[in-house]
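S.K.: Just final-v1.cif, nothing more (mmCIF, C-alpha atoms):
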```cif
data_data
#
loop_
_atom_site.group_PDB
_atom_site.id
_atom_site.type_symbol
_atom_site.label_atom_id
_atom_site.label_comp_id
_atom_site.auth_asym_id
_atom_site.auth_seq_id
_atom_site.Cartn_x
_atom_site.Cartn_y
_atom_site.Cartn_z
ATOM 1 C CA MET A 1 -13.539 -19.620 -1.909
ATOM 2 C CA GLU A 2 -15.444 -17.022 0.108
ATOM 3 C CA THR A 3 -13.720 -14.197 -1.765
ATOM 4 C CA ILE A 4 -14.710 -15.477 -5.209
ATOM 5 C CA GLY A 5 -18.310 -16.035 -4.096
ATOM 6 C CA ALA A 6 -18.104 -19.820 -3.876
ATOM 7 C CA GLY A 7 -18.136 -20.262 -0.112
ATOM 8 C CA HIS A 8 -21.574 -21.831 -0.262
ATOM 9 C CA LYS A 9 -20.203 -24.478 -2.617
ATOM 10 C CA SER A 10 -17.244 -25.460 -0.483
ATOM 11 C CA LYS A 11 -16.401 -27.596 2.523
ATOM 12 C CA LEU A 12 -13.124 -27.842 4.396
ATOM 13 C CA PHE A 13 -11.497 -31.279 4.394
ATOM 14 C CA MET A 14 -8.562 -31.879 6.717
ATOM 15 C CA GLY A 15 -6.225 -34.626 5.586
ATOM 16 C CA GLY A 16 -2.617 -35.684 5.299
ATOM 17 C CA ALA A 17 -0.346 -38.640 4.768
ATOM 18 C CA GLY A 18 -1.199 -42.074 6.158
ATOM 19 C CA PRO A 19 -4.579 -43.127 7.589
ATOM 20 C CA SER A 20 -6.006 -39.597 7.684
ATOM 21 C CA ILE A 21 -5.999 -39.358 3.898
ATOM 22 C CA GLU A 22 -8.169 -42.485 3.766
ATOM 23 C CA ALA A 23 -10.715 -40.856 6.061
ATOM 24 C CA MET A 24 -10.653 -37.706 3.926
ATOM 25 C CA LEU A 25 -11.134 -39.753 0.759
ATOM 26 C CA ASN A 26 -14.149 -41.554 2.258
ATOM 27 C CA GLU A 27 -15.694 -38.246 3.316
ATOM 28 C CA ILE A 28 -15.098 -36.711 -0.117
ATOM 29 C CA LYS A 29 -16.808 -39.630 -1.811
ATOM 30 C CA ALA A 30 -19.705 -39.578 0.689
ATOM 31 C CA GLU A 31 -20.245 -35.874 -0.014
ATOM 32 C CA LYS A 32 -20.145 -36.552 -3.780
ATOM 33 C CA THR A 33 -17.538 -33.824 -4.142
ATOM 34 C CA ASP A 34 -17.006 -32.524 -7.687
ATOM 35 C CA MET A 35 -13.528 -31.111 -7.164
ATOM 36 C CA VAL A 36 -10.901 -30.885 -4.430
ATOM 37 C CA LEU A 37 -8.928 -27.662 -4.205
ATOM 38 C CA VAL A 38 -5.479 -28.310 -2.741
ATOM 39 C CA ASP A 39 -3.706 -25.375 -1.103
ATOM 40 C CA TRP A 40 -0.341 -25.794 -2.785
ATOM 41 C CA ARG A 41 2.565 -24.260 -0.850
ATOM 42 C CA VAL A 42 5.662 -25.322 -2.701
ATOM 43 C CA GLU A 43 8.116 -23.877 -0.202
ATOM 44 C CA THR A 44 6.763 -25.703 2.832
ATOM 45 C CA GLU A 45 4.507 -28.667 2.048
ATOM 46 C CA ALA A 46 5.218 -29.824 -1.497
ATOM 47 C CA GLU A 47 5.689 -33.484 -0.545
ATOM 48 C CA THR A 48 2.468 -33.667 1.466
ATOM 49 C CA SER A 49 0.445 -31.752 -1.140
ATOM 50 C CA CYS A 50 1.763 -34.003 -3.919
ATOM 51 C CA SER A 51 0.936 -37.140 -1.921
ATOM 52 C CA ILE A 52 -2.620 -35.999 -1.228
ATOM 53 C CA ALA A 53 -3.252 -34.811 -4.790
ATOM 54 C CA GLY A 54 -1.810 -38.007 -6.282
ATOM 55 C CA LYS A 55 -3.844 -40.356 -4.141
ATOM 56 C CA LEU A 56 -7.075 -38.454 -4.697
ATOM 57 C CA PHE A 57 -6.505 -38.392 -8.452
ATOM 58 C CA ARG A 58 -5.776 -42.135 -8.547
ATOM 59 C CA ASN A 59 -9.095 -42.672 -6.779
ATOM 60 C CA GLY A 60 -11.025 -40.781 -9.430
ATOM 61 C CA VAL A 61 -11.262 -37.411 -7.653
ATOM 62 C CA THR A 62 -10.805 -34.238 -9.694
ATOM 63 C CA VAL A 63 -8.019 -32.207 -8.087
ATOM 64 C CA TYR A 64 -6.995 -28.585 -8.601
ATOM 65 C CA ALA A 65 -3.738 -27.503 -6.951
ATOM 66 C CA ALA A 66 -3.844 -23.743 -6.310
ATOM 67 C CA ASP A 67 -0.492 -21.977 -6.099
ATOM 68 C CA LYS A 68 -0.773 -18.937 -3.812
ATOM 69 C CA THR A 69 2.939 -18.224 -3.398
ATOM 70 C CA THR A 70 2.780 -14.850 -5.176
ATOM 71 C CA ILE A 71 0.083 -12.238 -5.588
ATOM 72 C CA PRO A 72 0.070 -12.410 -9.435
ATOM 73 C CA LYS A 73 -0.371 -16.198 -9.165
ATOM 74 C CA LEU A 74 -3.196 -15.749 -6.672
ATOM 75 C CA ILE A 75 -4.936 -13.372 -9.071
ATOM 76 C CA ARG A 76 -4.748 -15.979 -11.841
ATOM 77 C CA GLU A 77 -5.940 -18.754 -9.545
ATOM 78 C CA MET A 78 -8.960 -16.747 -8.409
ATOM 79 C CA LYS A 79 -10.032 -16.232 -12.013
ATOM 80 C CA GLN A 80 -9.467 -19.859 -12.995
ATOM 81 C CA VAL A 81 -11.288 -21.366 -10.007
ATOM 82 C CA GLY A 82 -14.083 -18.835 -10.506
ATOM 83 C CA LYS A 83 -14.573 -20.112 -14.063
ATOM 84 C CA LEU A 84 -14.574 -23.747 -12.936
ATOM 85 C CA LEU A 85 -17.260 -23.028 -10.335
ATOM 86 C CA ASN A 86 -19.384 -20.677 -12.451
ATOM 87 C CA GLN A 87 -18.482 -17.709 -10.272
ATOM 88 C CA SER A 88 -16.567 -15.758 -12.913
ATOM 89 C CA GLN A 89 -18.121 -12.364 -12.217
ATOM 90 C CA THR A 90 -17.383 -12.348 -8.479
ATOM 91 C CA ALA A 91 -13.943 -13.869 -9.007
ATOM 92 C CA ASP A 92 -13.068 -11.324 -11.704
ATOM 93 C CA ASN A 93 -14.169 -8.462 -9.444
ATOM 94 C CA ALA A 94 -12.026 -9.761 -6.579
ATOM 95 C CA SER A 95 -8.990 -10.273 -8.811
ATOM 96 C CA GLU A 96 -9.450 -6.811 -10.319
ATOM 97 C CA GLN A 97 -9.350 -5.278 -6.832
ATOM 98 C CA LEU A 98 -5.991 -6.972 -6.291
ATOM 99 C CA THR A 99 -4.712 -5.876 -9.702
ATOM 100 C CA GLN A 100 -5.639 -2.244 -9.020
ATOM 101 C CA ALA A 101 -3.969 -2.355 -5.594
ATOM 102 C CA LEU A 102 -0.774 -3.714 -7.167
ATOM 103 C CA GLN A 103 -0.852 -0.966 -9.784
ATOM 104 C CA LYS A 104 -1.222 1.705 -7.116
ATOM 105 C CA ALA A 105 1.684 0.166 -5.211
ATOM 106 C CA LYS A 106 3.930 0.386 -8.280
ATOM 107 C CA GLU A 107 2.954 4.015 -8.836
ATOM 108 C CA THR A 108 3.845 4.870 -5.239
ATOM 109 C CA LEU A 109 7.262 3.240 -5.133
ATOM 110 C CA ASN A 110 10.059 5.719 -5.668
ATOM 111 C CA ALA A 111 13.678 5.528 -6.761
ATOM 112 C CA SER A 112 15.053 5.276 -3.235
ATOM 113 C CA GLY A 113 15.089 1.496 -3.461
ATOM 114 C CA PRO A 114 13.409 -1.158 -1.295
ATOM 115 C CA LYS A 115 12.990 -0.565 2.442
ATOM 116 C CA THR A 116 14.572 -3.178 4.713
ATOM 117 C CA VAL A 117 11.935 -4.920 6.811
ATOM 118 C CA TYR A 118 11.806 -7.362 9.711
ATOM 119 C CA TRP A 119 8.429 -9.140 9.741
ATOM 120 C CA GLU A 120 7.838 -10.851 13.070
ATOM 121 C CA ILE A 121 5.381 -13.730 13.079
ATOM 122 C CA GLN A 122 6.297 -15.448 16.352
ATOM 123 C CA VAL A 123 8.614 -15.219 19.377
ATOM 124 C CA ASN A 124 9.829 -18.305 21.225
ATOM 125 C CA GLU A 125 12.071 -18.770 24.231
ATOM 126 C CA GLY A 126 15.129 -20.893 23.471
ATOM 127 C CA ASP A 127 16.586 -23.558 25.741
ATOM 128 C CA ASP A 128 18.948 -20.965 27.211
ATOM 129 C CA GLY A 129 16.110 -18.516 27.866
ATOM 130 C CA VAL A 130 17.159 -16.243 25.011
ATOM 131 C CA PRO A 131 14.284 -15.199 22.692
ATOM 132 C CA GLU A 132 14.180 -16.684 19.199
ATOM 133 C CA TYR A 133 12.352 -14.695 16.557
ATOM 134 C CA SER A 134 10.440 -16.210 13.642
ATOM 135 C CA THR A 135 9.948 -14.337 10.403
ATOM 136 C CA ILE A 136 8.478 -15.036 6.966
ATOM 137 C CA VAL A 137 10.017 -17.497 4.532
ATOM 138 C CA PRO A 138 11.159 -16.815 0.952
ATOM 139 C CA GLN A 139 8.852 -17.996 -1.869
ATOM 140 C CA SER A 140 5.753 -17.304 0.190
ATOM 141 C CA LEU A 141 2.725 -15.076 -0.261
ATOM 142 C CA GLU A 142 4.015 -12.876 2.572
ATOM 143 C CA GLN A 143 7.336 -12.465 0.771
ATOM 144 C CA SER A 144 5.500 -11.567 -2.436
ATOM 145 C CA LEU A 145 3.354 -9.059 -0.548
ATOM 146 C CA LEU A 146 6.466 -7.423 0.876
ATOM 147 C CA THR A 147 8.294 -7.327 -2.462
ATOM 148 C CA GLU A 148 5.330 -5.932 -4.375
ATOM 149 C CA THR A 149 4.987 -3.071 -1.876
ATOM 150 C CA GLY A 150 8.655 -2.072 -1.902
ATOM 151 C CA GLY A 151 9.950 -3.966 1.105
ATOM 152 C CA SER A 152 13.077 -6.102 1.406
ATOM 153 C CA ASN A 153 12.985 -9.027 3.837
ATOM 154 C CA ILE A 154 16.131 -9.002 5.998
ATOM 155 C CA ALA A 155 15.971 -12.824 6.178
ATOM 156 C CA ALA A 156 15.303 -13.463 2.483
ATOM 157 C CA ASN A 157 18.448 -15.601 2.171
ATOM 158 C CA GLU A 158 17.841 -17.714 5.282
ATOM 159 C CA LYS A 159 16.518 -21.274 5.205
ATOM 160 C CA PRO A 160 13.274 -22.184 6.996
ATOM 161 C CA PHE A 161 13.709 -23.634 10.476
ATOM 162 C CA ILE A 162 10.303 -25.320 10.232
ATOM 163 C CA PRO A 163 7.717 -25.068 7.431
ATOM 164 C CA GLY A 164 6.561 -21.473 7.139
ATOM 165 C CA GLN A 165 9.111 -19.968 9.544
ATOM 166 C CA VAL A 166 12.656 -18.677 9.459
ATOM 167 C CA ARG A 167 14.341 -18.422 12.865
ATOM 168 C CA ILE A 168 16.702 -15.527 13.581
ATOM 169 C CA ASP A 169 18.161 -14.065 16.756
ATOM 170 C CA ASP A 170 18.815 -10.689 18.379
ATOM 171 C CA ASP A 171 22.244 -10.308 16.806
ATOM 172 C CA PHE A 172 20.940 -10.999 13.307
ATOM 173 C CA ILE A 173 18.167 -8.411 13.600
ATOM 174 C CA ARG A 174 20.404 -5.755 15.165
ATOM 175 C CA SER A 175 23.046 -6.315 12.489
ATOM 176 C CA ALA A 176 20.465 -6.030 9.692
ATOM 177 C CA ASP A 177 19.195 -2.779 11.251
ATOM 178 C CA PRO A 178 15.774 -2.858 9.528
ATOM 179 C CA GLN A 179 14.126 0.431 8.626
ATOM 180 C CA TYR A 180 10.646 -0.946 9.303
ATOM 181 C CA ILE A 181 9.184 -3.638 11.553
ATOM 182 C CA LEU A 182 5.920 -5.513 10.977
ATOM 183 C CA ILE A 183 4.303 -7.503 13.780
ATOM 184 C CA SER A 184 1.750 -10.140 12.802
ATOM 185 C CA GLY A 185 -1.426 -9.813 14.846
ATOM 186 C CA TYR A 186 -1.171 -13.258 16.405
ATOM 187 C CA ALA A 187 2.492 -12.916 17.459
ATOM 188 C CA ALA A 188 1.527 -11.195 20.714
ATOM 189 C CA LEU A 189 -1.834 -12.915 21.208
ATOM 190 C CA ASN A 190 -0.280 -16.381 21.546
ATOM 191 C CA ASN A 191 2.487 -15.391 23.964
ATOM 192 C CA ARG A 192 1.587 -14.099 27.435
ATOM 193 C CA ASN A 193 5.240 -13.127 28.017
ATOM 194 C CA TYR A 194 5.439 -11.158 24.774
ATOM 195 C CA THR A 195 7.644 -8.069 25.071
ATOM 196 C CA PRO A 196 6.667 -5.136 22.810
ATOM 197 C CA VAL A 197 9.387 -4.156 20.341
ATOM 198 C CA PRO A 198 10.224 -0.741 21.898
ATOM 199 C CA ALA A 199 10.742 -2.380 25.303
ATOM 200 C CA ARG A 200 13.218 -5.040 24.183
ATOM 201 C CA ASP A 201 16.759 -4.976 25.482
ATOM 202 C CA ARG A 202 19.390 -3.947 22.926
ATOM 203 C CA TRP A 203 16.811 -2.946 20.283
ATOM 204 C CA SER A 204 16.848 0.787 21.007
ATOM 205 C CA ASN A 205 19.467 1.493 18.319
ATOM 206 C CA ILE A 206 17.631 -0.314 15.524
ATOM 207 C CA LYS A 207 16.552 2.281 12.980
ATOM 208 C CA ALA A 208 12.899 1.169 12.916
ATOM 209 C CA VAL A 209 12.716 1.491 16.707
ATOM 210 C CA ARG A 210 14.454 4.880 16.802
ATOM 211 C CA GLU A 211 12.129 6.287 14.159
ATOM 212 C CA LYS A 212 9.043 4.450 15.487
ATOM 213 C CA HIS A 213 8.459 2.690 12.181
ATOM 214 C CA ILE A 214 6.604 -0.245 13.749
ATOM 215 C CA ILE A 215 3.157 -1.500 12.827
ATOM 216 C CA SER A 216 0.987 -4.246 14.340
ATOM 217 C CA LEU A 217 -0.986 -6.065 11.672
ATOM 218 C CA GLN A 218 -4.549 -7.319 12.017
ATOM 219 C CA PRO A 219 -4.913 -11.108 12.524
ATOM 220 C CA SER A 220 -6.678 -11.247 9.147
ATOM 221 C CA PHE A 221 -3.767 -9.531 7.373
ATOM 222 C CA GLY A 222 -2.772 -11.375 4.207
ATOM 223 C CA SER A 223 -6.020 -13.293 3.736
ATOM 224 C CA SER A 224 -7.559 -13.301 0.265
ATOM 225 C CA SER A 225 -10.527 -11.163 1.302
ATOM 226 C CA THR A 226 -8.385 -8.319 2.684
ATOM 227 C CA LEU A 227 -5.271 -8.610 0.526
ATOM 228 C CA HIS A 228 -6.098 -5.644 -1.723
ATOM 229 C CA LYS A 229 -6.461 -3.411 1.358
ATOM 230 C CA ASP A 230 -3.367 -4.938 2.970
ATOM 231 C CA ILE A 231 -1.259 -4.002 -0.058
ATOM 232 C CA LEU A 232 -2.258 -0.368 0.307
ATOM 233 C CA THR A 233 -1.684 -0.504 4.079
ATOM 234 C CA LEU A 234 1.906 -1.626 3.526
ATOM 235 C CA VAL A 235 2.521 0.975 0.821
ATOM 236 C CA ASP A 236 1.277 3.738 3.123
ATOM 237 C CA PHE A 237 3.432 2.418 5.959
ATOM 238 C CA LEU A 238 6.663 1.887 4.005
ATOM 239 C CA TYR A 239 6.355 5.148 2.063
ATOM 240 C CA GLN A 240 4.759 7.358 4.684
ATOM 241 C CA GLU A 241 7.239 10.150 3.948
ATOM 242 C CA THR A 242 5.709 10.539 0.473
ATOM 243 C CA ASN A 243 2.109 10.734 1.719
#
```
Translate this file's structure into structure tokens.
M.R.:
Amino acid sequence: METIGAGHKSKLFMGGAGPSIEAMLNEIKAEKTDMVLVDWRVETEAETSCSIAGKLFRNGVTVYAADKTTIPKLIREMKQVGKLLNQSQTADNASEQLTQALQKAKETLNASGPKTVYWEIQVNEGDDGVPEYSTIVPQSLEQSLLTETGGSNIAANEKPFIPGQVRIDDDFIRSADPQYILISGYAALNNRNYTPVPARDRWSNIKAVREKHIISLQPSFGSSSTLHKDILTLVDFLYQETN
């Protein structure tokens, strides 16, 4: 909403199944809301999103479910919501920035094929004290971002452990031998015992570690307002030998 110039027209409503959706519905009606924009994430929260959207619609609330699972879909959604809220010019400019970034990414990719990538979003300590690593899920905006910039997720065929996360272990990562490693900005911030990648036991032979192909991403990485810059950041990182 901020990116398409409609931040001043929006308010965040937190709701879910059960009693909380009733409270959200009352607040929406009290605010005389014209439209509710549901953040639709098919791969993680389809049941909850459908429940919320259905109940709001049955109570006379106009609902728009925005699918942000791929960058091309996000571009279309920005334009459509911009039209609905009379913010077409700003929305079109923002979507054009994304389109141009995608085009530059395609021009940069070479015939060497996709680069294998481990994208770390969280580290947890298992019951036995052994670290458990969380990475991005398939059919997500992060997966789309990686694919569009020439990366191949080493855990693309794994099922989510919890919504939004795939859990993998040391052996899986070492066996996959990723060429590049991405570290989400909040992975280290939320873990006081976080061990930097180069200092981890048994990781010294992973190709990305040997060649120092490791990047720490800003906490804002992947948000709508920075996505066009983030695309170019990943292209530069994954294809640094061509720069």
S.K.: Within 9 Å of Thr116 in chain A, counting all atoms listed in the file, which residues qualify if same-chain residues fewer than 2 places away don't, as a PyMOL selection string?
M.R.: chain A and resi 114+118+150-154+176-181
S.K.: Suppose a student applies the PyMOL selection byres ((chain A and resi 72-84) around 9) to this structure; what residues should they get, written as a PyMOL selection string?
M.R.: chain A and resi 1+3-6+37+64+66-71+85-92+94-96+98-99+141+144+224
S.K.: Please report the interatomic distance between CA of Cys50 in chain A and CA of Val38 in chain A in Å with one decimal.
M.R.: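 Computed distance, CA of Cys50 in chain A to CA of Val38 in chain A, equals 9.3 Å.
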S.K.: If you apply the PyMOL selection byres ((chain A and resi 133-135) around 12) to this file, what residues do you get, as an NGL selection string?
M.R.: :A and (117-126 or 130-132 or 136-138 or 140 or 142-143 or 153-173 or 181-184 or 187 or 194-195 or 197)
S.K.: Would you work out the distance separating CA of Leu12 in chain A from CA of Ile231 in chain A, expressed in Å to one decimal?
M.R.: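 It comes out at 27.0 Å.
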S.K.: Quick one: distance from CA of Glu31 in chain A to CA of Ser51 in chain A in Å, one decimal?
M.R.: 21.3 Å
S.K.: So what does the PyMOL selection byres ((chain A and resi 216-222) around 6) actually pick up in this one, as an NGL selection string?
M.R.: :A and (183-186 or 215 or 223 or 227)
S.K.: Edge lengths and centre in Å to one decimal, as lines of an AutoDock Vina configuration file, of the axis-aligned box that encloses all listed atoms of range 220-239 of chain A with 8 Å added on every side?
M.R.:
```
center_x = -1.9
center_y = -4.1
center_z = 3.7
size_x = 33.2
size_y = 34.4
size_z = 26.9
```
S.K.: Excluding same-chain residues fewer than 2 positions from Gly60 in chain A, what lies within 12 Å of it counting all atoms listed in the file, as a VMD selection string?
M.R.: chain A and resid 25 28 to 29 32 to 36 53 to 58 62 to 63
S.K.: Considering only C-alpha atoms, state which residue in the set A:Val209, A:Val61, A:Ile52, A:Val235 is at the smallest distance from Ser20 in chain A.
M.R.: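 Looking only at the distances to Ser20 in chain A, the closest residue turns out to be A:Ile52.
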